[in-house]
>>> print(open('model_25.csv').read())   # CSV, C-alpha atoms
chain,number,residue,atom,x,y,z
A,1,MET,CA,17.4,-71.0,-32.6
A,2,PRO,CA,18.3,-68.0,-34.8
A,3,LEU,CA,14.6,-67.3,-35.1
A,4,ILE,CA,14.2,-67.1,-31.3
A,5,ALA,CA,17.2,-64.8,-31.1
A,6,VAL,CA,15.6,-62.5,-33.7
A,7,ALA,CA,12.4,-62.5,-31.9
A,8,VAL,CA,14.0,-61.6,-28.5
A,9,LEU,CA,16.1,-59.0,-30.2
A,10,SER,CA,13.0,-57.5,-31.8
A,11,LEU,CA,11.2,-57.4,-28.5
A,12,VAL,CA,14.1,-55.7,-26.8
A,13,ILE,CA,14.4,-53.1,-29.6
A,14,GLY,CA,10.7,-52.7,-29.5
A,15,VAL,CA,10.6,-52.0,-25.8
A,16,TRP,CA,13.5,-49.6,-26.1
A,17,VAL,CA,12.0,-47.7,-29.0
A,18,ASN,CA,8.6,-47.5,-27.2
A,19,GLN,CA,10.2,-46.1,-24.0
A,20,SER,CA,12.4,-43.7,-25.9
A,21,ILE,CA,9.7,-42.3,-28.2
A,22,PHE,CA,6.5,-42.6,-26.3
A,23,LYS,CA,6.8,-41.2,-22.8
A,24,ALA,CA,4.4,-42.5,-20.2
A,25,PRO,CA,1.8,-39.8,-19.5
A,26,ALA,CA,2.5,-37.8,-16.3
A,27,VAL,CA,0.3,-38.8,-13.4
A,28,VAL,CA,-2.4,-36.4,-12.5
A,29,PRO,CA,-1.5,-34.8,-9.2
A,30,LYS,CA,-3.5,-36.2,-6.3
A,31,ASN,CA,-5.1,-34.3,-3.4
A,32,LEU,CA,-5.5,-31.1,-5.3
A,33,GLU,CA,-8.0,-28.6,-3.8
A,34,ALA,CA,-8.0,-26.9,-7.2
A,35,THR,CA,-10.1,-28.2,-10.0
A,36,LEU,CA,-7.7,-29.3,-12.7
A,37,LEU,CA,-9.4,-29.3,-16.1
A,38,ASP,CA,-9.5,-32.7,-17.9
A,39,LYS,CA,-8.3,-31.0,-21.1
A,40,SER,CA,-6.6,-27.6,-21.1
A,41,LYS,CA,-9.0,-25.1,-22.6
A,42,PRO,CA,-7.3,-22.8,-25.1
A,43,LEU,CA,-8.5,-19.2,-24.8
A,44,THR,CA,-9.3,-17.3,-28.0
A,45,ALA,CA,-8.5,-13.6,-28.8
A,46,PHE,CA,-9.8,-10.9,-26.5
A,47,ASN,CA,-9.0,-7.2,-26.2
A,48,LEU,CA,-8.7,-5.5,-22.8
A,49,ILE,CA,-6.5,-2.7,-21.5
A,50,ASP,CA,-4.2,-2.8,-18.5
A,51,ASN,CA,-3.7,-0.2,-15.8
A,52,ASP,CA,-1.2,1.7,-18.0
A,53,ASN,CA,-3.8,1.9,-20.8
A,54,LYS,CA,-1.8,-0.6,-22.8
A,55,PRO,CA,-3.5,-3.5,-24.6
A,56,PHE,CA,-4.0,-6.6,-22.5
A,57,ASN,CA,-4.9,-9.5,-24.8
A,58,LEU,CA,-4.2,-13.2,-25.3
A,59,GLU,CA,-0.6,-12.5,-26.1
A,60,SER,CA,-0.3,-10.9,-22.6
A,61,LEU,CA,-1.1,-14.3,-21.1
A,62,LYS,CA,1.5,-16.2,-23.2
A,63,ASN,CA,5.0,-17.2,-21.9
A,64,ASN,CA,4.0,-17.0,-18.3
A,65,TRP,CA,1.6,-18.5,-15.9
A,66,SER,CA,-1.3,-16.2,-14.9
A,67,PHE,CA,-3.7,-16.1,-12.0
A,68,LEU,CA,-6.8,-14.2,-12.9
A,69,PHE,CA,-9.4,-12.8,-10.5
A,70,PHE,CA,-12.6,-11.0,-11.7
A,71,GLY,CA,-14.2,-8.4,-9.4
A,72,TYR,CA,-14.5,-4.7,-8.8
A,73,THR,CA,-12.8,-2.2,-6.6
A,74,HIS,CA,-16.0,-1.1,-4.8
A,75,CYS,CA,-16.2,-4.7,-3.5
A,76,PRO,CA,-15.8,-4.7,0.3
A,77,ASP,CA,-15.5,-8.4,1.1
A,78,VAL,CA,-14.8,-11.0,-1.6
A,79,CYS,CA,-12.3,-9.0,-3.7
A,80,PRO,CA,-10.0,-7.8,-0.9
A,81,LEU,CA,-9.9,-11.4,0.4
A,82,ALA,CA,-9.0,-12.8,-3.0
A,83,MET,CA,-6.4,-10.2,-3.5
A,84,GLN,CA,-4.8,-11.0,-0.1
A,85,VAL,CA,-4.8,-14.7,-1.2
A,86,MET,CA,-3.0,-13.8,-4.4
A,87,ARG,CA,-0.5,-11.6,-2.5
A,88,LYS,CA,0.3,-14.5,-0.1
A,89,VAL,CA,0.7,-16.9,-3.0
A,90,TRP,CA,3.0,-14.4,-4.6
A,91,GLU,CA,5.0,-14.1,-1.4
A,92,ASP,CA,5.2,-17.9,-1.0
A,93,GLU,CA,8.9,-18.8,-0.6
A,94,ARG,CA,8.5,-21.8,-3.0
A,95,LEU,CA,7.4,-19.4,-5.8
A,96,LYS,CA,10.2,-16.8,-5.4
A,97,ALA,CA,11.8,-17.8,-8.6
A,98,ALA,CA,8.5,-17.9,-10.5
A,99,THR,CA,7.5,-14.5,-9.5
A,100,LYS,CA,10.7,-13.0,-11.0
A,101,THR,CA,10.3,-14.7,-14.3
A,102,ASN,CA,7.1,-16.3,-15.3
A,103,LEU,CA,4.1,-15.5,-13.1
A,104,LYS,CA,1.5,-12.7,-13.4
A,105,MET,CA,-1.3,-11.8,-10.9
A,106,VAL,CA,-4.1,-10.1,-12.7
A,107,PHE,CA,-7.2,-8.4,-11.3
A,108,VAL,CA,-9.8,-8.0,-14.0
A,109,SER,CA,-12.5,-5.4,-13.2
A,110,VAL,CA,-16.0,-6.2,-14.5
A,111,ASP,CA,-17.0,-2.6,-13.6
A,112,PRO,CA,-15.2,-0.4,-16.2
A,113,ASP,CA,-17.6,2.5,-15.6
A,114,ARG,CA,-16.1,3.1,-12.1
A,115,ASP,CA,-12.8,1.3,-12.3
A,116,THR,CA,-10.6,3.5,-14.5
A,117,PRO,CA,-7.0,2.3,-15.3
A,118,ALA,CA,-5.7,4.8,-12.8
A,119,ILE,CA,-7.9,3.4,-10.0
A,120,LEU,CA,-7.1,-0.1,-11.0
A,121,LYS,CA,-3.4,0.6,-10.9
A,122,ALA,CA,-3.6,2.0,-7.4
A,123,TYR,CA,-5.8,-0.9,-6.3
A,124,ALA,CA,-3.8,-3.8,-7.7
A,125,GLN,CA,-0.4,-2.3,-6.7
A,126,TYR,CA,-1.6,-1.8,-3.2
A,127,TYR,CA,-1.5,-5.5,-2.9
A,128,ASN,CA,1.8,-5.9,-4.7
A,129,PRO,CA,3.7,-3.5,-7.0
A,130,ALA,CA,3.9,-6.3,-9.6
A,131,PHE,CA,0.1,-7.0,-9.7
A,132,ILE,CA,-1.8,-5.8,-12.8
A,133,GLY,CA,-5.2,-4.3,-13.0
A,134,VAL,CA,-7.1,-4.9,-16.3
A,135,THR,CA,-10.5,-3.9,-17.6
A,136,GLY,CA,-12.1,-2.9,-21.0
A,137,LYS,CA,-15.3,-2.6,-22.9
A,138,ALA,CA,-18.2,-4.6,-21.6
A,139,ASP,CA,-18.4,-6.8,-24.6
A,140,GLU,CA,-14.7,-7.6,-24.4
A,141,ILE,CA,-15.0,-8.4,-20.7
A,142,ASP,CA,-17.9,-10.7,-21.6
A,143,ASN,CA,-15.8,-12.2,-24.3
A,144,LEU,CA,-13.2,-13.4,-21.7
A,145,THR,CA,-15.6,-14.2,-18.8
A,146,ARG,CA,-17.8,-16.4,-21.1
A,147,GLN,CA,-14.7,-18.4,-22.2
A,148,ILE,CA,-13.6,-18.9,-18.6
A,149,GLY,CA,-17.1,-19.4,-17.1
A,150,ILE,CA,-17.0,-16.4,-14.8
A,151,LEU,CA,-20.4,-14.9,-13.9
A,152,TYR,CA,-21.3,-11.4,-12.9
A,153,GLY,CA,-24.3,-9.1,-12.7
A,154,PHE,CA,-25.1,-5.6,-11.7
A,155,ASP,CA,-27.7,-4.7,-9.0
A,156,GLU,CA,-30.0,-1.7,-9.5
A,157,PRO,CA,-28.3,1.5,-8.3
A,158,ASN,CA,-29.6,2.8,-5.0
A,159,LYS,CA,-30.8,6.4,-4.5
A,160,ASN,CA,-27.1,7.5,-4.1
A,161,GLY,CA,-26.2,6.0,-7.4
A,162,ASP,CA,-24.1,3.3,-5.8
A,163,TYR,CA,-24.5,-0.3,-7.0
A,164,ASN,CA,-23.2,-3.7,-6.1
A,165,VAL,CA,-21.9,-6.3,-8.5
A,166,SER,CA,-22.5,-9.9,-7.9
A,167,HIS,CA,-19.6,-12.0,-9.2
A,168,SER,CA,-17.9,-15.4,-9.1
A,169,GLY,CA,-15.3,-15.9,-6.4
A,170,GLN,CA,-13.0,-18.2,-8.2
A,171,ILE,CA,-9.3,-17.6,-9.1
A,172,ILE,CA,-8.4,-18.9,-12.6
A,173,LEU,CA,-5.0,-20.4,-13.6
A,174,ILE,CA,-3.9,-19.9,-17.2
A,175,ASP,CA,-0.8,-21.7,-18.5
A,176,PRO,CA,2.0,-20.1,-20.6
A,177,ASP,CA,0.3,-21.2,-23.9
A,178,GLY,CA,-2.9,-19.3,-23.0
A,179,ASN,CA,-4.8,-22.4,-21.9
A,180,MET,CA,-7.2,-22.4,-19.0
A,181,ARG,CA,-5.7,-25.0,-16.7
A,182,ALA,CA,-7.3,-24.9,-13.2
A,183,VAL,CA,-10.0,-23.2,-11.1
A,184,PHE,CA,-9.5,-22.4,-7.4
A,185,SER,CA,-12.8,-22.0,-5.6
A,186,PRO,CA,-13.6,-20.4,-2.2
A,187,PRO,CA,-12.8,-20.8,0.6
A,188,LEU,CA,-9.3,-20.0,-0.7
A,189,ASN,CA,-6.3,-21.0,1.3
A,190,PRO,CA,-3.1,-19.3,0.0
A,191,GLN,CA,-0.8,-22.2,1.0
A,192,SER,CA,-3.0,-24.8,-0.8
A,193,VAL,CA,-3.2,-22.6,-3.9
A,194,ALA,CA,0.6,-22.3,-4.0
A,195,THR,CA,1.0,-26.1,-3.4
A,196,ASP,CA,-1.5,-26.9,-6.1
A,197,PHE,CA,0.1,-24.5,-8.5
A,198,ILE,CA,3.5,-26.1,-8.1
A,199,ALA,CA,2.0,-29.6,-8.7
A,200,ILE,CA,0.0,-28.4,-11.7
A,201,GLN,CA,3.1,-26.7,-13.2
A,202,LYS,CA,5.0,-30.0,-12.9
A,203,PHE,CA,2.2,-32.0,-14.4
A,204,VAL,CA,2.0,-29.7,-17.4
A,205,LYS,CA,5.7,-29.7,-17.9
A,206,ASP,CA,5.9,-33.5,-17.6
A,207,ASN,CA,3.1,-33.9,-20.1
A,208,SER,CA,4.5,-31.5,-22.7
B,1,MET,CA,-33.9,-8.5,72.8
B,2,LYS,CA,-33.1,-4.8,72.3
B,3,LYS,CA,-29.7,-5.8,70.9
B,4,LEU,CA,-31.4,-8.3,68.6
B,5,LEU,CA,-33.9,-5.6,67.3
B,6,SER,CA,-31.0,-3.2,66.8
B,7,ARG,CA,-29.1,-5.8,64.7
B,8,LEU,CA,-32.3,-6.5,62.7
B,9,PHE,CA,-32.7,-2.8,62.1
B,10,ILE,CA,-29.1,-2.5,60.8
B,11,LEU,CA,-29.6,-5.6,58.6
B,12,ILE,CA,-32.9,-4.1,57.1
B,13,MET,CA,-31.2,-0.7,56.5
B,14,ALA,CA,-28.2,-2.4,54.9
B,15,THR,CA,-30.5,-4.4,52.6
B,16,ASN,CA,-32.4,-1.3,51.6
B,17,LEU,CA,-29.2,0.5,50.9
B,18,SER,CA,-28.0,-2.3,48.8
B,19,ILE,CA,-31.3,-2.2,46.7
B,20,ALA,CA,-31.1,1.5,46.4
B,21,THR,CA,-27.5,1.3,45.1
B,22,ALA,CA,-28.5,-1.3,42.5
B,23,ALA,CA,-31.4,0.9,41.4
B,24,ALA,CA,-29.2,3.9,41.1
B,25,LYS,CA,-26.7,2.1,39.0
B,26,PRO,CA,-27.3,2.7,35.2
B,27,ASP,CA,-28.6,-0.2,33.2
B,28,SER,CA,-25.8,-2.2,31.6
B,29,PRO,CA,-25.7,-1.8,27.8
B,30,ALA,CA,-28.0,-4.1,25.9
B,31,LEU,CA,-25.3,-4.9,23.3
B,32,SER,CA,-21.6,-5.5,23.7
B,33,PHE,CA,-19.2,-5.4,20.9
B,34,GLU,CA,-16.0,-7.4,20.7
B,35,LYS,CA,-13.2,-8.4,18.3
B,36,ILE,CA,-13.8,-5.3,16.2
B,37,ILE,CA,-11.7,-5.2,13.1
B,38,VAL,CA,-11.5,-2.6,10.3
B,39,PRO,CA,-9.0,-3.9,7.8
B,40,GLU,CA,-6.7,-1.5,5.9
B,41,ALA,CA,-7.9,-1.0,2.3
B,42,PRO,CA,-6.3,0.3,-0.9
B,43,PRO,CA,-6.2,4.1,-0.8
B,44,VAL,CA,-8.6,4.3,-3.8
B,45,ALA,CA,-11.1,2.0,-2.0
B,46,SER,CA,-14.5,3.8,-1.8
B,47,VAL,CA,-15.7,1.3,0.8
B,48,MET,CA,-14.2,-0.3,3.9
B,49,ILE,CA,-15.5,-2.9,6.1
B,50,ALA,CA,-15.9,-3.7,9.8
B,51,TYR,CA,-16.1,-7.2,11.3
B,52,MET,CA,-17.0,-7.8,14.9
B,53,THR,CA,-19.0,-9.9,17.3
B,54,ILE,CA,-22.2,-8.4,18.8
B,55,LYS,CA,-23.7,-9.9,22.0
B,56,ASN,CA,-27.2,-9.2,23.2
B,57,ASN,CA,-26.8,-9.0,27.0
B,58,SER,CA,-30.5,-8.4,27.6
B,59,ASN,CA,-33.5,-10.8,27.9
B,60,LYS,CA,-35.2,-8.9,25.0
B,61,LYS,CA,-34.7,-8.9,21.3
B,62,GLN,CA,-32.5,-6.0,20.3
B,63,THR,CA,-32.7,-4.4,16.8
B,64,ILE,CA,-30.1,-2.1,15.3
B,65,THR,CA,-31.9,0.4,13.1
B,66,HIS,CA,-29.2,2.9,12.2
B,67,ILE,CA,-25.5,3.1,12.0
B,68,MET,CA,-23.2,6.1,11.4
B,69,SER,CA,-19.6,7.0,11.5
B,70,PRO,CA,-18.0,10.5,11.5
B,71,GLN,CA,-15.2,9.1,9.2
B,72,PHE,CA,-17.7,7.9,6.5
B,73,GLU,CA,-20.6,9.3,4.5
B,74,ARG,CA,-22.8,6.3,5.2
B,75,VAL,CA,-22.7,3.0,7.1
B,76,GLU,CA,-24.8,0.0,6.2
B,77,ILE,CA,-25.1,-3.6,7.3
B,78,HIS,CA,-24.7,-6.1,4.4
B,79,LYS,CA,-25.1,-9.8,4.1
B,80,MET,CA,-23.1,-11.9,1.6
B,81,SER,CA,-24.5,-15.1,0.2
B,82,MET,CA,-23.9,-17.4,-2.7
B,83,ALA,CA,-26.6,-17.1,-5.4
B,84,ASN,CA,-26.5,-18.6,-8.9
B,85,GLY,CA,-22.8,-19.3,-8.6
B,86,MET,CA,-22.1,-15.7,-7.6
B,87,MET,CA,-21.3,-14.0,-4.4
B,88,ASP,CA,-24.2,-11.6,-3.9
B,89,MET,CA,-24.4,-8.8,-1.4
B,90,LYS,CA,-27.6,-7.4,0.0
B,91,GLN,CA,-28.2,-4.5,2.4
B,92,MET,CA,-30.1,-5.2,5.6
B,93,LYS,CA,-32.3,-2.3,6.8
B,94,THR,CA,-32.1,-3.6,10.4
B,95,LEU,CA,-30.3,-6.3,12.3
B,96,SER,CA,-32.0,-8.1,15.1
B,97,ILE,CA,-30.3,-10.1,17.8
B,98,LYS,CA,-32.2,-12.5,19.9
B,99,PRO,CA,-31.9,-12.4,23.8
B,100,GLU,CA,-28.6,-13.6,25.1
B,101,GLN,CA,-27.5,-14.3,21.5
B,102,THR,CA,-24.1,-13.5,20.0
B,103,ILE,CA,-23.8,-12.9,16.2
B,104,VAL,CA,-20.5,-12.9,14.3
B,105,LEU,CA,-19.8,-10.5,11.5
B,106,GLU,CA,-17.1,-12.1,9.3
B,107,THR,CA,-15.9,-12.5,5.8
B,108,GLY,CA,-18.4,-14.2,3.5
B,109,GLY,CA,-21.3,-13.4,5.9
B,110,LEU,CA,-22.5,-10.3,7.7
B,111,HIS,CA,-20.5,-7.1,7.7
B,112,VAL,CA,-20.7,-3.4,8.5
B,113,MET,CA,-19.9,-1.6,5.3
B,114,LEU,CA,-18.3,1.8,5.7
B,115,ILE,CA,-19.1,3.7,2.6
B,116,LYS,CA,-17.1,6.7,1.1
B,117,PRO,CA,-14.4,7.7,3.6
B,118,ILE,CA,-14.5,11.4,4.3
B,119,GLN,CA,-10.7,11.2,3.9
B,120,VAL,CA,-8.4,8.3,3.1
B,121,LEU,CA,-7.9,6.2,6.2
B,122,LYS,CA,-4.5,4.7,6.8
B,123,LEU,CA,-3.2,2.1,9.2
B,124,ASP,CA,-3.9,2.9,12.9
B,125,ASP,CA,-6.3,5.7,12.0
B,126,ASN,CA,-9.3,5.9,14.4
B,127,VAL,CA,-12.8,4.7,13.3
B,128,GLU,CA,-15.8,5.5,15.4
B,129,ILE,CA,-19.1,3.7,14.8
B,130,THR,CA,-22.4,4.5,16.4
B,131,PHE,CA,-25.2,2.1,16.5
B,132,THR,CA,-28.8,3.2,17.3
B,133,LEU,CA,-31.2,0.5,18.6
B,134,SER,CA,-35.0,0.5,18.2
B,135,SER,CA,-35.2,1.0,21.9
B,136,GLY,CA,-33.5,4.4,21.5
B,137,GLU,CA,-30.3,3.2,23.1
B,138,ILE,CA,-27.1,4.3,21.4
B,139,ALA,CA,-23.8,2.4,21.5
B,140,THR,CA,-20.6,3.9,20.2
B,141,ILE,CA,-17.5,1.8,19.5
B,142,ASN,CA,-14.0,2.9,18.7
B,143,THR,CA,-11.3,1.0,16.9
B,144,GLN,CA,-8.3,1.6,14.6
B,145,VAL,CA,-7.6,0.6,11.0
B,146,SER,CA,-5.5,-2.6,11.2
B,147,ASN,CA,-3.4,-4.7,9.0
B,148,VAL,CA,-5.3,-8.0,9.3
B,149,ASP,CA,-4.9,-11.3,7.5
B,150,LEU,CA,-8.3,-11.9,6.0
B,151,THR,CA,-7.1,-15.2,4.5
B,152,ASN,CA,-7.3,-16.8,7.9
B,153,SER,CA,-11.0,-17.4,7.7
B,154,HIS,CA,-11.7,-17.1,11.4
B,155,HIS,CA,-9.3,-14.3,11.9
B,156,HIS,CA,-11.2,-12.5,14.7
B,157,HIS,CA,-12.1,-15.5,16.8
>>> encode(input="model_25.csv", output="structure tokens")
Amino acid sequence: MPLIAVAVLSLVIGVWVNQSIFKAPAVVPKNLEATLLDKSKPLTAFNLIDNDNKPFNLESLKNNWSFLFFGYTHCPDVCPLAMQVMRKVWEDERLKAATKTNLKMVFVSVDPDRDTPAILKAYAQYYNPAFIGVTGKADEIDNLTRQIGILYGFDEPNKNGDYNVSHSGQIILIDPDGNMRAVFSPPLNPQSVATDFIAIQKFVKDNS
Amino acid sequence: MKKLLSRLFILIMATNLSIATAAAKPDSPALSFEKIIVPEAPPVASVMIAYMTIKNNSNKKQTITHIMSPQFERVEIHKMSMANGMMDMKQMKTLSIKPEQTIVLETGGLHVMLIKPIQVLKLDDNVEITFTLSSGEIATINTQVSNVDLTNSHHHH
């Protein structure tokens, strides 16, 4: 009889300890339009400059969530659409608190020859005064795009010296530890992006 | 009988008049343009864009061979497509529209690219675009820069 009592007590204590110390893993959010990465992908160091000529590096992505879009200001179609999506996500009522504290919207130009910091500032801030334009040397842009899986390529200039840049159309989500967390692919719906972002934030918080 | 002939004469004259009127009427334009949108762009933008639907009203293929606008240095037709995981944009030298066909120029597909504004265009500024067809016909459209929500994919339908 005492042996049974000890066994039952051990079981109860064991269950309590297990529940107290080892939290059940958070459930992966369902019905996401975004691609949530199986494992968060930590980014390594990179060195770009922002639209105020200040360094923009891995530390700039820490302590806040960041949406990154890669394009160029001469882009007539894909980039304005993506920037409008980011503006509507930013203006989503559900994210009002986040925009004041821990959210960054970043437009990374892969065309540094034409997109100077001054041009990038006017371009990004046209969509929202809080938006940030970023660019840098080609090898440092490549350093970041390779880590994230963004593709881009330059067409041959025409007789006027103008050229188009082909590029990926995805918006990338980086978490406050500098990990790549999710990819939003076209066609981009601002409401879905905001909804997914809220779910992913909760998932990451519950899992930390 | 005389009365009948008289009526017949009037009828014939009226029919002739009607045919003559139709012949004197200028041909209706081969192309009609609807739902024209030129979205506002950042003031530093070196390119703007025009979306629209173009309908070929004729029973012949119509080909746009040249486009110009007094507000821009150059105007071109471009087509977006996905290639190797990237959005790629190619200039089209001409744009042909089959008889009675309507084509839609919209985000992610065909668009009229307005290159290098002569001066910065703001909301409600006028934009004039002139299309020249291979037949020699010229069509001019006028619109204003508008604040349009591009995220609504079929915004101009």
>>> interface_residues(input="model_25.csv", of="chain A", to="chain B", cutoff="8 Å", atoms="all atoms listed in the file", output="PyMOL selection string")
chain A and resi 73-78+80-81+84-85+119+122-123+126-127+151-152+164-169+188-190
>>> residues_around(input="model_25.csv", residues="Asn126 of chain B", least_positions_apart="4", cutoff="12 Å", atoms="all atoms listed in the file", output="PyMOL selection string")
chain B and resi 37-40+69-72+119-122+141-146
>>> write_last_selection(input="model_25.csv", atoms="C-alpha atoms", output="PDB file, in the coordinates of the input")
ATOM      1  CA  ILE B  37     -11.700  -5.200  13.100  1.00  0.00           C
ATOM      2  CA  VAL B  38     -11.500  -2.600  10.300  1.00  0.00           C
ATOM      3  CA  PRO B  39      -9.000  -3.900   7.800  1.00  0.00           C
ATOM      4  CA  GLU B  40      -6.700  -1.500   5.900  1.00  0.00           C
ATOM      5  CA  SER B  69     -19.600   7.000  11.500  1.00  0.00           C
ATOM      6  CA  PRO B  70     -18.000  10.500  11.500  1.00  0.00           C
ATOM      7  CA  GLN B  71     -15.200   9.100   9.200  1.00  0.00           C
ATOM      8  CA  PHE B  72     -17.700   7.900   6.500  1.00  0.00           C
ATOM      9  CA  GLN B 119     -10.700  11.200   3.900  1.00  0.00           C
ATOM     10  CA  VAL B 120      -8.400   8.300   3.100  1.00  0.00           C
ATOM     11  CA  LEU B 121      -7.900   6.200   6.200  1.00  0.00           C
ATOM     12  CA  LYS B 122      -4.500   4.700   6.800  1.00  0.00           C
ATOM     13  CA  ILE B 141     -17.500   1.800  19.500  1.00  0.00           C
ATOM     14  CA  ASN B 142     -14.000   2.900  18.700  1.00  0.00           C
ATOM     15  CA  THR B 143     -11.300   1.000  16.900  1.00  0.00           C
ATOM     16  CA  GLN B 144      -8.300   1.600  14.600  1.00  0.00           C
ATOM     17  CA  VAL B 145      -7.600   0.600  11.000  1.00  0.00           C
ATOM     18  CA  SER B 146      -5.500  -2.600  11.200  1.00  0.00           C
TER      19      SER B 146
END
>>> residues_near_point(input="model_25.csv", point="(3.1, -16.4, -16.6)", cutoff="9 Å", atoms="all atoms listed in the file", output="NGL selection string")
:A and (60-67 or 98-99 or 101-105 or 174-176)
>>> write_last_selection(input="model_25.csv", atoms="C-alpha atoms", output="PDB file, in the frame of the given file")
ATOM      1  CA  SER A  60      -0.300 -10.900 -22.600  1.00  0.00           C
ATOM      2  CA  LEU A  61      -1.100 -14.300 -21.100  1.00  0.00           C
ATOM      3  CA  LYS A  62       1.500 -16.200 -23.200  1.00  0.00           C
ATOM      4  CA  ASN A  63       5.000 -17.200 -21.900  1.00  0.00           C
ATOM      5  CA  ASN A  64       4.000 -17.000 -18.300  1.00  0.00           C
ATOM      6  CA  TRP A  65       1.600 -18.500 -15.900  1.00  0.00           C
ATOM      7  CA  SER A  66      -1.300 -16.200 -14.900  1.00  0.00           C
ATOM      8  CA  PHE A  67      -3.700 -16.100 -12.000  1.00  0.00           C
ATOM      9  CA  ALA A  98       8.500 -17.900 -10.500  1.00  0.00           C
ATOM     10  CA  THR A  99       7.500 -14.500  -9.500  1.00  0.00           C
ATOM     11  CA  THR A 101      10.300 -14.700 -14.300  1.00  0.00           C
ATOM     12  CA  ASN A 102       7.100 -16.300 -15.300  1.00  0.00           C
ATOM     13  CA  LEU A 103       4.100 -15.500 -13.100  1.00  0.00           C
ATOM     14  CA  LYS A 104       1.500 -12.700 -13.400  1.00  0.00           C
ATOM     15  CA  MET A 105      -1.300 -11.800 -10.900  1.00  0.00           C
ATOM     16  CA  ILE A 174      -3.900 -19.900 -17.200  1.00  0.00           C
ATOM     17  CA  ASP A 175      -0.800 -21.700 -18.500  1.00  0.00           C
ATOM     18  CA  PRO A 176       2.000 -20.100 -20.600  1.00  0.00           C
TER      19      PRO A 176
END
>>> residues_around(input="model_25.csv", residues="Ser109 of chain A", least_positions_apart="6", cutoff="8 Å", atoms="all atoms listed in the file", output="list of chain:residue names")
A:Phe70, A:Gly71, A:Tyr72, A:Thr73, A:Asp115, A:Leu120, A:Gly133, A:Val134, A:Thr135
>>> write_last_selection(input="model_25.csv", atoms="C-alpha atoms", output="JSON list (two decimals), in the frame of the given file")
[["chain", "number", "residue", "atom", "x", "y", "z"],
["A", 70, "PHE", "CA", -12.60, -11.00, -11.70],
["A", 71, "GLY", "CA", -14.20, -8.40, -9.40],
["A", 72, "TYR", "CA", -14.50, -4.70, -8.80],
["A", 73, "THR", "CA", -12.80, -2.20, -6.60],
["A", 115, "ASP", "CA", -12.80, 1.30, -12.30],
["A", 120, "LEU", "CA", -7.10, -0.10, -11.00],
["A", 133, "GLY", "CA", -5.20, -4.30, -13.00],
["A", 134, "VAL", "CA", -7.10, -4.90, -16.30],
["A", 135, "THR", "CA", -10.50, -3.90, -17.60]]
>>> closest_residue(input="model_25.csv", among="B:Ile64, B:Leu133, B:Leu123, B:Leu105", to="Lys35 of chain B", atoms="all atoms listed in the file")
B:Leu105
>>> atom_distance(input="model_25.csv", atom1="atom CA of Arg146 of chain A", atom2="atom CA of Asp50 of chain A")
19.4 Å
>>> residues_near_point(input="model_25.csv", point="(-8.2, -6.8, -23.2)", cutoff="7 Å", atoms="only C-alpha atoms", output="list in words")
Phe46, Asn47, Leu48, Ile49, Pro55, Phe56, Asn57, Thr135, Gly136 and Glu140 of chain A
>>> closest_residue(input="model_25.csv", among="A:Ile171, A:Ala199, A:Leu144, A:Leu95", to="Thr44 of chain A", atoms="only C-alpha atoms")
A:Leu144
>>> atom_distance(input="model_25.csv", atom1="atom CA of Thr116 of chain A", atom2="atom CA of Glu91 of chain A")
26.9 Å
>>> atom_distance(input="model_25.csv", atom1="atom CA of Glu128 of chain B", atom2="atom CA of Arg87 of chain A")
29.1 Å
>>> build_atoms(input="model_25.csv", residues="segment 127-133 of chain B", atoms="N, CA, C and O atoms", output="tab-separated table (two decimals), keeping the file's coordinate frame")
chain	number	residue	atom	x	y	z
B	127	VAL	N	-11.41	4.86	13.91
B	127	VAL	CA	-12.80	4.70	13.30
B	127	VAL	C	-13.76	4.64	14.47
B	127	VAL	O	-13.60	3.81	15.37
B	128	GLU	N	-14.75	5.51	14.41
B	128	GLU	CA	-15.80	5.50	15.40
B	128	GLU	C	-17.10	5.08	14.74
B	128	GLU	O	-17.42	5.60	13.67
B	129	ILE	N	-17.81	4.16	15.33
B	129	ILE	CA	-19.10	3.70	14.80
B	129	ILE	C	-20.16	3.77	15.83
B	129	ILE	O	-19.96	3.28	16.94
B	130	THR	N	-21.28	4.39	15.48
B	130	THR	CA	-22.40	4.50	16.40
B	130	THR	C	-23.60	3.76	15.96
B	130	THR	O	-24.06	3.94	14.83
B	131	PHE	N	-24.08	2.89	16.83
B	131	PHE	CA	-25.20	2.10	16.50
B	131	PHE	C	-26.45	2.61	17.29
B	131	PHE	O	-26.36	2.86	18.49
B	132	THR	N	-27.56	2.77	16.60
B	132	THR	CA	-28.80	3.20	17.30
B	132	THR	C	-29.75	1.97	17.26
B	132	THR	O	-29.97	1.33	16.22
B	133	LEU	N	-30.31	1.67	18.43
B	133	LEU	CA	-31.20	0.50	18.60
B	133	LEU	C	-32.68	1.02	18.54
B	133	LEU	O	-32.95	2.21	18.81
